[in-house]
Amino acid sequence: MIDARIIAALAKCPVFHGLEKARIGQVMEQVNYRVVHYDKGAVYALEDDPCRNVDIVVSGELTTRMTGQSGKYVDVTRLQAGNIVAPAFVYAAANRFPVNVDAVTDVDLVRMIPDEFTRLIDRDVAVRWNFIALLSNINHFMADKVRFLSLLTVRERIATMLLAEASRSGSRVITLDKSRQELADSFGVQKVSLIRCLTAMKDEGAIAIDGRHITIVDASKLK
């Protein structure tokens, strides 16, 4: 029997979307896998390392970070329970990590070699189509990320994030789940630039700031 904790995490994974937990267990029993652990602060992979496994996060959090030659870096995304690590590179001809991946917390992963993952998606049509959809969504995410980082000013990035969060939550009050430094890293800017823009928006009456709580006062000034 597969550990219930693993089944619960896999149920959050996009490749198992729409499958009952019992079915997930049946599918996983047909392939070989193991659970691996990384301690908090450990390096999971460095940029240009070969991508040899299909890893699904069971618990904990990984962060992916792209670093330039100058040492400047951008946080690309964070991986939590149910996320697959670099699924778009598993079958790539150049199957190497384009980012550094580190453990933010203690992390447990379900690990399969590519051949076993191939068996998994070959055995279940729903899993196969879910994987194809996952790859398509990754392309969409990366296109948006490139536009966000390369075509928008710092102010536009902040405004876009605030408006998107307000739309998602249905509230004018946004509670940030990142520190100012983490937010700056995700935007690919210096912390001082981020704070300067937030202060300017506050002074203009576009937002109000109370710690990690930001209230949109005048959305038109953000748009």
# chains A, B, ... in the order shown; residues from 1 in each chain; ligands from 1

$ residues_around --residues "Val127 of chain A" --least-positions-apart "6" --cutoff "8 Å" --atoms "only C-alpha atoms" --output "PDB file with N, CA, C and O atoms, in the first residue's frame"
ATOM      1  N   VAL A  15      -0.649  16.000 -13.317  1.00  0.00           N
ATOM      2  CA  VAL A  15      -0.735  14.802 -14.168  1.00  0.00           C
ATOM      3  C   VAL A  15      -1.776  13.807 -13.665  1.00  0.00           C
ATOM      4  O   VAL A  15      -2.189  12.914 -14.407  1.00  0.00           O
ATOM      5  N   PHE A  16      -2.224  13.960 -12.417  1.00  0.00           N
ATOM      6  CA  PHE A  16      -3.251  13.076 -11.874  1.00  0.00           C
ATOM      7  C   PHE A  16      -4.604  13.787 -11.749  1.00  0.00           C
ATOM      8  O   PHE A  16      -5.497  13.288 -11.060  1.00  0.00           O
ATOM      9  N   HIS A  17      -4.730  14.927 -12.417  1.00  0.00           N
ATOM     10  CA  HIS A  17      -5.974  15.701 -12.336  1.00  0.00           C
ATOM     11  C   HIS A  17      -7.168  14.849 -12.777  1.00  0.00           C
ATOM     12  O   HIS A  17      -7.145  14.187 -13.813  1.00  0.00           O
ATOM     13  N   LEU A 120       4.235   5.087 -16.826  1.00  0.00           N
ATOM     14  CA  LEU A 120       3.085   5.650 -16.123  1.00  0.00           C
ATOM     15  C   LEU A 120       2.126   6.337 -17.091  1.00  0.00           C
ATOM     16  O   LEU A 120       0.912   6.089 -17.080  1.00  0.00           O
ATOM     17  N   ILE A 121       2.670   7.211 -17.957  1.00  0.00           N
ATOM     18  CA  ILE A 121       1.791   7.959 -18.869  1.00  0.00           C
ATOM     19  C   ILE A 121       1.295   7.092 -20.026  1.00  0.00           C
ATOM     20  O   ILE A 121       0.283   7.421 -20.648  1.00  0.00           O
TER      21      ILE A 121
END

$ select_by_dssp --residues "segment 25-203 of chain A" --states "alpha helix (DSSP H)" --output "JSON, numbers by chain"
{"A": [25, 26, 27, 28, 114, 115, 116, 117, 118, 119, 120, 121, 122, 123, 125, 126, 127, 128, 129, 130, 131, 132, 133, 134, 135, 136, 137, 138, 139, 140, 141, 142, 143, 144, 145, 146, 147, 148, 149, 150, 151, 154, 155, 156, 157, 158, 159, 160, 161, 162, 163, 164, 165, 166, 167, 168, 169, 180, 181, 182, 183, 184, 185, 186, 187, 191, 192, 193, 194, 195, 196, 197, 198, 199, 200, 201, 202, 203]}

$ select_by_dssp --residues "segment 20-164 of chain A" --states "strand (DSSP E or B)" --output "PyMOL selection string"
chain A and resi 34-38+43-45+50+54-59+62-67+73-79+84+96+100-103+107-112

$ closest_atom_pairs --of "segment 118-198 of chain A" --to "segment 80-102 of chain A" --cutoff "9 Å" --atoms "only C-alpha atoms" --output "JSON lines"
{"residue": "A:Phe131", "atom": "CA", "partner": "A:Pro87", "partner_atom": "CA", "distance": 8.7}
{"residue": "A:Leu134", "atom": "CA", "partner": "A:Pro87", "partner_atom": "CA", "distance": 8.4}
{"residue": "A:Leu135", "atom": "CA", "partner": "A:Ala88", "partner_atom": "CA", "distance": 6.1}
{"residue": "A:Ile138", "atom": "CA", "partner": "A:Ala88", "partner_atom": "CA", "distance": 7.6}
{"residue": "A:Asn139", "atom": "CA", "partner": "A:Ala88", "partner_atom": "CA", "distance": 8.8}

$ closest_residue --among "A:Val27, A:Leu222, A:Val189, A:Val43" --to "Phe117 of chain A" --atoms "only C-alpha atoms"
A:Val27

$ residues_around --residues "Ile214 of chain A" --least-positions-apart "2" --cutoff "12 Å" --atoms "only C-alpha atoms" --output "VMD selection string"
chain A and resid 158 to 159 161 to 163 165 to 166 171 to 177 198 to 199 201 to 202 206 to 212 216 to 218

$ atom_distance --atom1 "atom CA of Gly25 of chain A" --atom2 "atom CA of Ile113 of chain A"
18.3 Å

$ closest_residue --among "A:Tyr33, A:Met28, A:Met66, A:Asn137" --to "Leu46 of chain A" --atoms "only C-alpha atoms"
A:Met66

$ atom_distance --atom1 "atom CA of Val35 of chain A" --atom2 "atom CA of Asp108 of chain A"
6.6 Å

$ atom_distance --atom1 "atom CA of His37 of chain A" --atom2 "atom CA of Val107 of chain A"
5.6 Å

$ residues_around --residues "segment 8-10 of chain A" --least-positions-apart "4" --cutoff "8 Å" --atoms "only C-alpha atoms" --output "PyMOL selection string"
chain A and resi 4+16+21+24+56-59+81-82

$ write_last_selection --atoms "C-alpha atoms" --output "PDB file, in the first residue's frame"
ATOM      1  CA  ALA A   4      -1.587   8.111   2.346  1.00  0.00           C
ATOM      2  CA  PHE A  16      -3.251  13.076 -11.874  1.00  0.00           C
ATOM      3  CA  LYS A  21      -7.130   8.684  -4.963  1.00  0.00           C
ATOM      4  CA  ILE A  24      -3.828   7.080  -8.331  1.00  0.00           C
ATOM      5  CA  ILE A  56       7.133  15.150  -7.608  1.00  0.00           C
ATOM      6  CA  VAL A  57       7.111  17.181  -4.394  1.00  0.00           C
ATOM      7  CA  VAL A  58       5.402  15.346  -1.534  1.00  0.00           C
ATOM      8  CA  SER A  59       6.104  17.892   1.198  1.00  0.00           C
ATOM      9  CA  ALA A  81       3.308  19.549  -2.778  1.00  0.00           C
ATOM     10  CA  GLY A  82       2.079  18.136  -6.087  1.00  0.00           C
TER      11      GLY A  82
END

$ closest_residue --among "A:Ala184, A:Ala164, A:Leu152, A:Ile2" --to "Gln30 of chain A" --atoms "only C-alpha atoms"
A:Ile2
